[in-house]
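Worksheet: the structure to be examined is printed underneath.
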Amino acid sequence: MFPWLDQLNEDQRAAATFDGGALRIVAGAGTGKTTTLTSRVAWLVGTGTPADRILLLTFTRRAAREMVARTTTLLEQGDGSRARGRHPTRVLGGTFHSVAHRTLRRHASALGLPDGFSVLDTSDAADVIDLVRQEIDPALPDRRRFPRKATLLDLYSRSVNTQRPLSAVVDEVAPWCVDLVEPIATICRGYVERKRTLGLLDFDDLLLYWRAAATDERLGATLAGELDHVCVDEYQDVNALQVDIVRALRRDDERVTVVGDDSQAVYGFRGASPRHLLDIDARFPGIATIALGRNYRSTQPILDVANAVSDDAPAGFLARLRADTTDALTRPRLVHCADEDAQVAAVCTQVLAHREEGVRLQEQAVLVRAAHHSALLELELSRRRIPYVKYGGLRYLEAAHVKDLICLFRLADNPRDELSWFRLLQLVEGVGPVSARRAIEALGVDQPGTPAEVLLRWPLALDALPSGSRPAAATLVTALRREPDEPLAAQAERLRAALAPLVERAYENGAARLADLDALVVAANDAARLSDVAADLTLEPPSSTGDLAGPPLVDEDWLVISTVHSAKGLEWDVAHILNASDGNFPSDMALASLEGLEEERRLFYVAVTRPRRALHVYVPLRYHHRPRGRDDAHLFGQPSRFLSDPVAACFDLDRTTHTERHHAVDGPVIDAALKVGADLDALWA
DNA sequence: CAGAGCCGCCTTTTT
DNA sequence: GGCGGCTCTG
């Protein structure tokens, strides 16, 4: 009846067909987690649960897309669903934040949210908190030692996500701020208040309001009543808020499936903790557990590395991986390089060697701890005309001009969006932070009244700007007024046109940037309103550089560069791990605490479990060190502490590659060289 | 002389 | 792209 079940092993099948309430699947790297979870959803549908009453929550949008697609495929080809005829085959799914957003839009009035509320990304949120900080600035002790806006937001966010008092969070992650807890708390209060008056929600608010909705007696019952089963992927990465939401969505119902792997918990910096997976019976008493240990991804020599890394963890990991492959077994290679240039050369050589063997570039990934670790490599790849796509790091949304149009879209539905005003007004020539702030003051974004009344005060704001700047500013604001019955697409196009001259003026390559904005206007075609377009882009920004710019790749094959965080859940034939030296990987930022170090170890574990057939780890012995703009001195790095003797013993060592690439060749000066200056002299004569 | 604008420095990980 | 420091302008 369910042909896909035959392709599962015994443990996977037991998990897919489990029929006794709450279930926890502990699935190590490469053990067929996605296959098992999608099979389980297909089994649930096949045995009578309507697909659109199953909610599949994932952590990243990439995982969400893949899971929903694979489930749909299984259901459409499976006998079970065909017999059911016109029943839906598409499950509800998405990231926690995107499902939260959908729920909030649907129930905005019940939650006391304005209709066109704006969704802030991290940098917007930091800007709001900075606004609040500047207002109470005079009251602050010693400005120099006061945390910067990103730190303030981090403290606030950790406190919210872990549901712990601010003072405890400061104690733990910013001990140098312990005597500043009071002013920090004042800023947090002001931040919450400010977002409320302006109709702004940050990422954490999406979860907070979703939880409020789900725990409400009536609304929560409605939400829970829409669902028969809830599945959560990557449960080791959930935080306290998300746990509350899952529990609330189930009420007294025990039909829940969570999948996770404690050895791959790498989001502690966002308030996540693997304890939620390990101690799940506190919230779901009597939950059953099925563990998957057979690895279908990697060869045994690669798994030996993974297991050795896990043996070094003081607490140990639950899963121990056994290989299932019988492929040719090449041992992983540990490549010592003289410096970063030599590392780049070694990677290029190795990548091309694999391609000669028939491994496509797309089946090879370069994994880095921090996005900027690949900068030198990217230069060299461009020089050699080797195409690549990079995941993680600076996202496209952070391109200033894209954000400008997003802010304009936000303003169209929410004229109280102070942040968007602040940003856009400064695009006008002659307007800086001071007059922008004065204009916003005149607008009275925080005054009571309808949003439309804010725009009526625009003439007052105009007076606050330098006279030379007024015409350009007025043109922009005129575009915000929507004609009656105007289609959304037309409005979007009008806004783009109004922004265009400002973008061309404000940025070096303004004309080239305009093309990107067209993609945003196209996105407005099938949206309900512009603030949805803005929110969707904030919640699901294009995941790789170039995604938004259309298909930039003429070549049909390209190398993948990814941060380890963005690589989680993915696999390639070959993985190259760069900068395996202490301070880089593990990052020195994380070494302050034991938990930090252990999270780095899990991150390294994630990295080494990505490849199917070949693993290369590169250790530059000398690398540029630029911590506080001191000098450009090189630093001799120790190899990563994760390459302990037992781990290193799993590798073949390679110390000889590419050390000579940039060394000058000695010899007598050639005659032609002596003539260079003389030849030039002729030019000046 | 306040405020806009430019130059040169640096950058953990993500929803 | 952000930020601090510096210079130029209205």
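Each chain of the structure tokens is named A, B, ... in the order shown, its residues numbered from 1; ligands are numbered from 1 in display order.
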
Produce a table with one row for each residue of chain A that has an atom at most 10 Å from any atom of chain B, each row naming the nearest atom pair and its distance in Å at one decimal; use only C-alpha atoms (C1' of nucleotides); arrange rows by chain and rising residue number; format as JSON lines.
{"residue": "A:Phe59", "atom": "CA", "partner": "B:DT15", "partner_atom": "C1'", "distance": 7.8}
{"residue": "A:Thr60", "atom": "CA", "partner": "B:DT15", "partner_atom": "C1'", "distance": 7.5}
{"residue": "A:Arg61", "atom": "CA", "partner": "B:DT15", "partner_atom": "C1'", "distance": 9.0}
{"residue": "A:Thr95", "atom": "CA", "partner": "B:DT15", "partner_atom": "C1'", "distance": 8.0}
{"residue": "A:Phe96", "atom": "CA", "partner": "B:DT15", "partner_atom": "C1'", "distance": 8.0}
{"residue": "A:His97", "atom": "CA", "partner": "B:DT15", "partner_atom": "C1'", "distance": 6.4}
{"residue": "A:Ser98", "atom": "CA", "partner": "B:DT15", "partner_atom": "C1'", "distance": 8.8}
{"residue": "A:Asp121", "atom": "CA", "partner": "B:DT15", "partner_atom": "C1'", "distance": 8.9}
{"residue": "A:Thr122", "atom": "CA", "partner": "B:DT15", "partner_atom": "C1'", "distance": 9.2}
{"residue": "A:Phe203", "atom": "CA", "partner": "B:DT15", "partner_atom": "C1'", "distance": 6.8}
{"residue": "A:Asp204", "atom": "CA", "partner": "B:DT15", "partner_atom": "C1'", "distance": 8.9}
{"residue": "A:Val266", "atom": "CA", "partner": "B:DT13", "partner_atom": "C1'", "distance": 8.2}
{"residue": "A:Tyr267", "atom": "CA", "partner": "B:DT13", "partner_atom": "C1'", "distance": 7.7}
{"residue": "A:Gly268", "atom": "CA", "partner": "B:DT13", "partner_atom": "C1'", "distance": 9.7}
{"residue": "A:Phe269", "atom": "CA", "partner": "B:DT13", "partner_atom": "C1'", "distance": 7.9}
{"residue": "A:Arg270", "atom": "CA", "partner": "B:DT14", "partner_atom": "C1'", "distance": 8.1}
{"residue": "A:Arg369", "atom": "CA", "partner": "B:DT13", "partner_atom": "C1'", "distance": 7.6}
{"residue": "A:Ala370", "atom": "CA", "partner": "B:DT12", "partner_atom": "C1'", "distance": 5.7}
{"residue": "A:Ala371", "atom": "CA", "partner": "B:DT12", "partner_atom": "C1'", "distance": 8.2}
{"residue": "A:His372", "atom": "CA", "partner": "B:DT11", "partner_atom": "C1'", "distance": 7.8}
{"residue": "A:Gly392", "atom": "CA", "partner": "B:DT14", "partner_atom": "C1'", "distance": 8.6}
{"residue": "A:Gly393", "atom": "CA", "partner": "B:DT13", "partner_atom": "C1'", "distance": 8.7}
{"residue": "A:Glu429", "atom": "CA", "partner": "B:DA4", "partner_atom": "C1'", "distance": 8.9}
{"residue": "A:Gly430", "atom": "CA", "partner": "B:DA4", "partner_atom": "C1'", "distance": 6.4}
{"residue": "A:Val431", "atom": "CA", "partner": "B:DA4", "partner_atom": "C1'", "distance": 7.2}
{"residue": "A:Gly432", "atom": "CA", "partner": "B:DA4", "partner_atom": "C1'", "distance": 6.0}
{"residue": "A:Pro433", "atom": "CA", "partner": "B:DG3", "partner_atom": "C1'", "distance": 8.7}
{"residue": "A:Val434", "atom": "CA", "partner": "B:DG3", "partner_atom": "C1'", "distance": 7.3}
{"residue": "A:Ser435", "atom": "CA", "partner": "B:DG3", "partner_atom": "C1'", "distance": 8.7}
{"residue": "A:Thr538", "atom": "CA", "partner": "B:DT15", "partner_atom": "C1'", "distance": 9.2}
{"residue": "A:Leu539", "atom": "CA", "partner": "B:DT15", "partner_atom": "C1'", "distance": 6.9}
{"residue": "A:Glu540", "atom": "CA", "partner": "B:DT15", "partner_atom": "C1'", "distance": 8.6}
{"residue": "A:Thr563", "atom": "CA", "partner": "B:DT13", "partner_atom": "C1'", "distance": 8.1}
{"residue": "A:Val564", "atom": "CA", "partner": "B:DT13", "partner_atom": "C1'", "distance": 8.3}
{"residue": "A:His565", "atom": "CA", "partner": "B:DT13", "partner_atom": "C1'", "distance": 6.3}
{"residue": "A:Ser566", "atom": "CA", "partner": "B:DT14", "partner_atom": "C1'", "distance": 8.5}
{"residue": "A:Asn584", "atom": "CA", "partner": "B:DT12", "partner_atom": "C1'", "distance": 9.5}
{"residue": "A:Ser587", "atom": "CA", "partner": "B:DT12", "partner_atom": "C1'", "distance": 7.1}
{"residue": "A:Asp588", "atom": "CA", "partner": "B:DT12", "partner_atom": "C1'", "distance": 9.1}
{"residue": "A:Met589", "atom": "CA", "partner": "B:DT12", "partner_atom": "C1'", "distance": 7.1}
{"residue": "A:Ala590", "atom": "CA", "partner": "B:DT12", "partner_atom": "C1'", "distance": 8.4}
{"residue": "A:Glu600", "atom": "CA", "partner": "B:DT13", "partner_atom": "C1'", "distance": 9.8}
{"residue": "A:Leu603", "atom": "CA", "partner": "B:DT13", "partner_atom": "C1'", "distance": 9.6}
{"residue": "A:Arg626", "atom": "CA", "partner": "B:DC10", "partner_atom": "C1'", "distance": 8.3}
{"residue": "A:Pro627", "atom": "CA", "partner": "B:DC10", "partner_atom": "C1'", "distance": 8.3}
{"residue": "A:Arg628", "atom": "CA", "partner": "B:DC10", "partner_atom": "C1'", "distance": 7.9}
{"residue": "A:Gly629", "atom": "CA", "partner": "B:DC9", "partner_atom": "C1'", "distance": 7.0}

Requested in this report: Taking the DSSP assignment computed from this structure's backbone, write out as a count of residues only all residues of stretch 181-407 of chain A that belong to strand (DSSP E).
Outcome: 36

| field | Residue list (alpha helix (DSSP H), DSSP) for stretch 553-606 of chain A, as a list in words | value | Val564, His565, Ser566, Ala567, Leu594, Glu595, Gly596, Leu597, Glu598, Glu599, Glu600, Arg601, Arg602, Leu603, Phe604, Tyr605 and Val606 of chain A

Just-selected residues, C-alpha atoms written as an mmCIF file, in the first residue's frame:
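The new file selection.cif reads:
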data_model
loop_
_atom_site.group_PDB
_atom_site.id
_atom_site.type_symbol
_atom_site.label_atom_id
_atom_site.label_comp_id
_atom_site.auth_asym_id
_atom_site.auth_seq_id
_atom_site.Cartn_x
_atom_site.Cartn_y
_atom_site.Cartn_z
ATOM 1 C CA VAL A 564 29.214 25.912 7.882
ATOM 2 C CA HIS A 565 25.986 27.229 9.386
ATOM 3 C CA SER A 566 24.384 27.563 5.967
ATOM 4 C CA ALA A 567 25.696 24.126 4.962
ATOM 5 C CA LEU A 594 33.054 26.342 27.647
ATOM 6 C CA GLU A 595 29.647 26.225 25.956
ATOM 7 C CA GLY A 596 31.026 28.435 23.217
ATOM 8 C CA LEU A 597 33.875 26.031 22.593
ATOM 9 C CA GLU A 598 31.575 23.022 22.580
ATOM 10 C CA GLU A 599 29.293 24.712 20.066
ATOM 11 C CA GLU A 600 32.309 25.310 17.834
ATOM 12 C CA ARG A 601 33.152 21.616 18.142
ATOM 13 C CA ARG A 602 29.652 20.680 17.013
ATOM 14 C CA LEU A 603 30.053 23.100 14.145
ATOM 15 C CA PHE A 604 33.263 21.347 13.141
ATOM 16 C CA TYR A 605 31.369 18.063 13.391
ATOM 17 C CA VAL A 606 28.710 19.444 11.046
#

Shell around A:Ala607 at 12 Å using only C-alpha atoms (C1' of nucleotides), local window under 2 positions removed, as a short mmCIF file (atom, residue, chain, number, x, y, z; two decimals) with N, CA and C atoms, in the first residue's frame:
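Now in selection_36.cif:
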data_model
loop_
_atom_site.label_atom_id
_atom_site.label_comp_id
_atom_site.auth_asym_id
_atom_site.auth_seq_id
_atom_site.Cartn_x
_atom_site.Cartn_y
_atom_site.Cartn_z
N ALA A 29 23.90 12.72 11.61
CA ALA A 29 24.17 13.27 10.28
C ALA A 29 24.13 12.16 9.22
N SER A 263 24.18 16.48 18.38
CA SER A 263 25.56 16.76 18.00
C SER A 263 25.65 17.84 16.93
N GLN A 264 24.50 18.31 16.43
CA GLN A 264 24.55 19.36 15.42
C GLN A 264 23.88 20.64 15.90
N VAL A 266 23.97 24.19 16.76
CA VAL A 266 24.93 25.25 16.51
C VAL A 266 24.32 26.65 16.57
N ILE A 302 35.65 8.86 6.44
CA ILE A 302 35.14 10.19 6.80
C ILE A 302 34.39 10.11 8.13
N LEU A 303 33.62 9.03 8.29
CA LEU A 303 32.89 8.88 9.56
C LEU A 303 33.84 8.66 10.72
N VAL A 305 36.55 10.24 11.15
CA VAL A 305 36.87 11.59 11.59
C VAL A 305 35.75 12.12 12.47
N ALA A 306 34.51 11.98 11.97
CA ALA A 306 33.36 12.50 12.73
C ALA A 306 33.30 11.86 14.11
N VAL A 309 36.01 13.24 16.37
CA VAL A 309 35.66 14.58 16.85
C VAL A 309 34.66 14.47 17.99
N ALA A 365 32.05 21.47 -2.25
CA ALA A 365 31.75 22.65 -1.45
C ALA A 365 32.98 23.09 -0.67
N VAL A 366 33.19 24.38 -0.63
CA VAL A 366 34.21 24.96 0.24
C VAL A 366 33.48 25.50 1.47
N LEU A 367 33.84 24.99 2.64
CA LEU A 367 33.13 25.36 3.87
C LEU A 367 34.01 26.25 4.74
N VAL A 368 33.44 27.34 5.22
CA VAL A 368 34.19 28.28 6.04
C VAL A 368 33.43 28.59 7.33
N ARG A 369 34.19 28.89 8.37
CA ARG A 369 33.59 29.24 9.65
C ARG A 369 32.92 30.61 9.59
N SER A 562 30.23 28.04 1.12
CA SER A 562 29.17 28.20 2.12
C SER A 562 29.76 28.34 3.51
N THR A 563 29.12 29.12 4.36
CA THR A 563 29.46 29.06 5.77
C THR A 563 28.99 27.70 6.28
N VAL A 564 29.61 27.21 7.35
CA VAL A 564 29.21 25.91 7.88
C VAL A 564 27.76 25.97 8.35
N HIS A 565 27.38 27.11 8.93
CA HIS A 565 25.99 27.23 9.39
C HIS A 565 25.01 27.03 8.23
N SER A 566 25.30 27.67 7.11
CA SER A 566 24.38 27.56 5.97
C SER A 566 24.46 26.19 5.30
N ALA A 567 25.51 25.42 5.61
CA ALA A 567 25.70 24.13 4.96
C ALA A 567 24.98 23.01 5.71
N LYS A 568 24.48 23.32 6.89
CA LYS A 568 23.85 22.29 7.68
C LYS A 568 22.67 21.68 6.93
N GLY A 569 22.60 20.35 6.95
CA GLY A 569 21.52 19.67 6.26
C GLY A 569 21.81 19.38 4.80
N LEU A 570 22.94 19.89 4.28
CA LEU A 570 23.27 19.67 2.87
C LEU A 570 24.42 18.68 2.75
N GLU A 571 24.62 18.13 1.55
CA GLU A 571 25.74 17.23 1.34
C GLU A 571 26.30 17.39 -0.05
N TRP A 572 27.60 17.05 -0.18
CA TRP A 572 28.30 17.12 -1.46
C TRP A 572 29.22 15.91 -1.58
N VAL A 574 32.38 16.17 -2.35
CA VAL A 574 33.66 16.61 -1.81
C VAL A 574 33.45 17.85 -0.95
N ALA A 575 34.12 17.89 0.21
CA ALA A 575 34.10 19.11 1.01
C ALA A 575 35.53 19.55 1.30
N HIS A 576 35.75 20.86 1.18
CA HIS A 576 37.04 21.46 1.52
C HIS A 576 36.79 22.38 2.71
N ILE A 577 37.41 22.10 3.84
CA ILE A 577 37.22 22.95 5.02
C ILE A 577 38.44 23.86 5.17
N LEU A 578 38.18 25.17 5.14
CA LEU A 578 39.28 26.14 5.16
C LEU A 578 39.61 26.62 6.57
N ALA A 580 41.44 25.76 9.23
CA ALA A 580 41.28 24.94 10.43
C ALA A 580 42.40 25.25 11.41
N PHE A 585 38.86 28.59 13.45
CA PHE A 585 37.92 27.49 13.64
C PHE A 585 38.53 26.55 14.67
N GLU A 600 31.38 25.31 18.97
CA GLU A 600 32.31 25.31 17.83
C GLU A 600 32.66 23.88 17.43
N ARG A 601 32.82 23.01 18.42
CA ARG A 601 33.15 21.62 18.14
C ARG A 601 32.02 20.96 17.35
N ARG A 602 30.79 21.24 17.76
CA ARG A 602 29.65 20.68 17.01
C ARG A 602 29.61 21.23 15.59
N LEU A 603 30.01 22.50 15.48
CA LEU A 603 30.05 23.10 14.15
C LEU A 603 31.10 22.39 13.27
N PHE A 604 32.23 22.08 13.87
CA PHE A 604 33.26 21.35 13.14
C PHE A 604 32.74 19.96 12.76
N TYR A 605 31.99 19.36 13.65
CA TYR A 605 31.37 18.06 13.39
C TYR A 605 30.41 18.16 12.20
N THR A 609 30.95 16.17 8.46
CA THR A 609 29.95 15.17 8.05
C THR A 609 29.21 15.58 6.78
N ARG A 610 29.64 16.64 6.10
CA ARG A 610 28.97 17.05 4.85
C ARG A 610 29.34 16.20 3.65
N PRO A 611 30.64 15.80 3.48
CA PRO A 611 31.00 15.16 2.21
C PRO A 611 30.62 13.68 2.15
N ARG A 612 30.33 13.23 0.93
CA ARG A 612 30.06 11.81 0.72
C ARG A 612 31.35 11.03 0.55
N LEU A 615 37.15 14.33 1.80
CA LEU A 615 37.22 15.43 2.75
C LEU A 615 38.64 15.98 2.77
N HIS A 616 38.75 17.30 2.58
CA HIS A 616 40.06 17.96 2.66
C HIS A 616 39.97 19.05 3.72
N VAL A 617 40.90 19.01 4.67
CA VAL A 617 40.94 20.05 5.69
C VAL A 617 42.25 20.81 5.54
N PHE A 642 40.63 21.15 17.40
CA PHE A 642 39.77 20.02 17.07
C PHE A 642 40.52 18.93 16.30
#

Extract, using only C-alpha atoms (C1' of nucleotides), all DNA, RNA and protein residues at most 12 Å from C:DG2, discarding same-chain residues fewer than 5 positions from it, and format them as JSON, numbers by chain. {"A": [123, 126, 127, 148, 149, 150, 398, 400], "B": [9, 10, 11]}

**OP:** Do me a favour and pick out the residues of chain C within 12 Å of chain A, using only C-alpha atoms (C1' of nucleotides), as JSON, numbers by chain.
**Re:** {"C": [1, 2, 3, 9, 10]}

Keeping only N, CA and C atoms (P, O5', C5', C4', C3', O3' and C1' of nucleotides), take the residues you just selected and write them out as a PDB file, in the first residue's frame.
ATOM      1  P    DG C   1      26.347  48.364   0.291  1.00  0.00           P
ATOM      2  O5'  DG C   1      26.629  47.476   1.590  1.00  0.00           O
ATOM      3  C5'  DG C   1      25.586  46.930   2.408  1.00  0.00           C
ATOM      4  C4'  DG C   1      25.921  47.176   3.864  1.00  0.00           C
ATOM      5  C3'  DG C   1      25.671  48.600   4.335  1.00  0.00           C
ATOM      6  O3'  DG C   1      25.133  48.542   5.649  1.00  0.00           O
ATOM      7  C1'  DG C   1      27.942  48.058   4.666  1.00  0.00           C
ATOM      8  P    DG C   2      24.780  49.832   6.516  1.00  0.00           P
ATOM      9  O5'  DG C   2      25.931  49.837   7.616  1.00  0.00           O
ATOM     10  C5'  DG C   2      26.077  48.691   8.471  1.00  0.00           C
ATOM     11  C4'  DG C   2      27.044  49.030   9.578  1.00  0.00           C
ATOM     12  C3'  DG C   2      26.806  50.386  10.236  1.00  0.00           C
ATOM     13  O3'  DG C   2      27.069  50.257  11.618  1.00  0.00           O
ATOM     14  C1'  DG C   2      28.951  50.361   9.238  1.00  0.00           C
ATOM     15  P    DC C   3      26.781  51.419  12.636  1.00  0.00           P
ATOM     16  O5'  DC C   3      28.238  52.013  12.906  1.00  0.00           O
ATOM     17  C5'  DC C   3      29.276  51.145  13.342  1.00  0.00           C
ATOM     18  C4'  DC C   3      30.562  51.921  13.409  1.00  0.00           C
ATOM     19  C3'  DC C   3      30.394  53.347  13.956  1.00  0.00           C
ATOM     20  O3'  DC C   3      31.339  53.561  14.986  1.00  0.00           O
ATOM     21  C1'  DC C   3      31.568  53.368  11.898  1.00  0.00           C
ATOM     22  P    DT C   9      33.866  72.981  -0.409  1.00  0.00           P
ATOM     23  O5'  DT C   9      32.381  73.281   0.053  1.00  0.00           O
ATOM     24  C5'  DT C   9      31.409  72.225   0.046  1.00  0.00           C
ATOM     25  C4'  DT C   9      30.182  72.692   0.800  1.00  0.00           C
ATOM     26  C3'  DT C   9      29.739  74.121   0.464  1.00  0.00           C
ATOM     27  O3'  DT C   9      28.340  74.134   0.325  1.00  0.00           O
ATOM     28  C1'  DT C   9      29.948  73.867   2.780  1.00  0.00           C
ATOM     29  P    DG C  10      27.621  75.082  -0.741  1.00  0.00           P
ATOM     30  O5'  DG C  10      26.148  75.295  -0.178  1.00  0.00           O
ATOM     31  C5'  DG C  10      25.559  74.346   0.717  1.00  0.00           C
ATOM     32  C4'  DG C  10      24.896  75.072   1.878  1.00  0.00           C
ATOM     33  C3'  DG C  10      24.348  76.462   1.550  1.00  0.00           C
ATOM     34  O3'  DG C  10      23.086  76.612   2.190  1.00  0.00           O
ATOM     35  C1'  DG C  10      25.805  76.628   3.373  1.00  0.00           C
TER      36       DG C  10
END

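Residues with any atom within 8 Å of A:Val454, counting only C-alpha atoms (C1' of nucleotides) and excluding same-chain neighbours fewer than 2 positions away, are A:Pro415, A:Arg416, A:Leu443, A:Gly444, A:Val445, A:Gly449, A:Thr450, A:Pro451, A:Ala452, A:Leu456, A:Arg457, A:Trp458.
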
Those residues you just picked out, can you put them in a file as a PDB file, in the first residue's frame with C-alpha atoms?
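Just written: selection_30.pdb:
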ATOM      1  CA  PRO A 415       3.421  55.595   7.466  1.00  0.00           C
ATOM      2  CA  ARG A 416       4.481  55.313  11.111  1.00  0.00           C
ATOM      3  CA  LEU A 443       5.460  64.128  11.040  1.00  0.00           C
ATOM      4  CA  GLY A 444       4.554  62.955  14.519  1.00  0.00           C
ATOM      5  CA  VAL A 445       4.877  59.250  13.699  1.00  0.00           C
ATOM      6  CA  GLY A 449      -4.575  58.944  15.163  1.00  0.00           C
ATOM      7  CA  THR A 450      -4.904  56.970  11.972  1.00  0.00           C
ATOM      8  CA  PRO A 451      -1.842  56.193   9.852  1.00  0.00           C
ATOM      9  CA  ALA A 452      -3.224  58.357   7.064  1.00  0.00           C
ATOM     10  CA  LEU A 456      -1.296  64.742   6.193  1.00  0.00           C
ATOM     11  CA  ARG A 457       1.370  66.355   8.353  1.00  0.00           C
ATOM     12  CA  TRP A 458       3.945  66.028   5.559  1.00  0.00           C
TER      13      TRP A 458
END
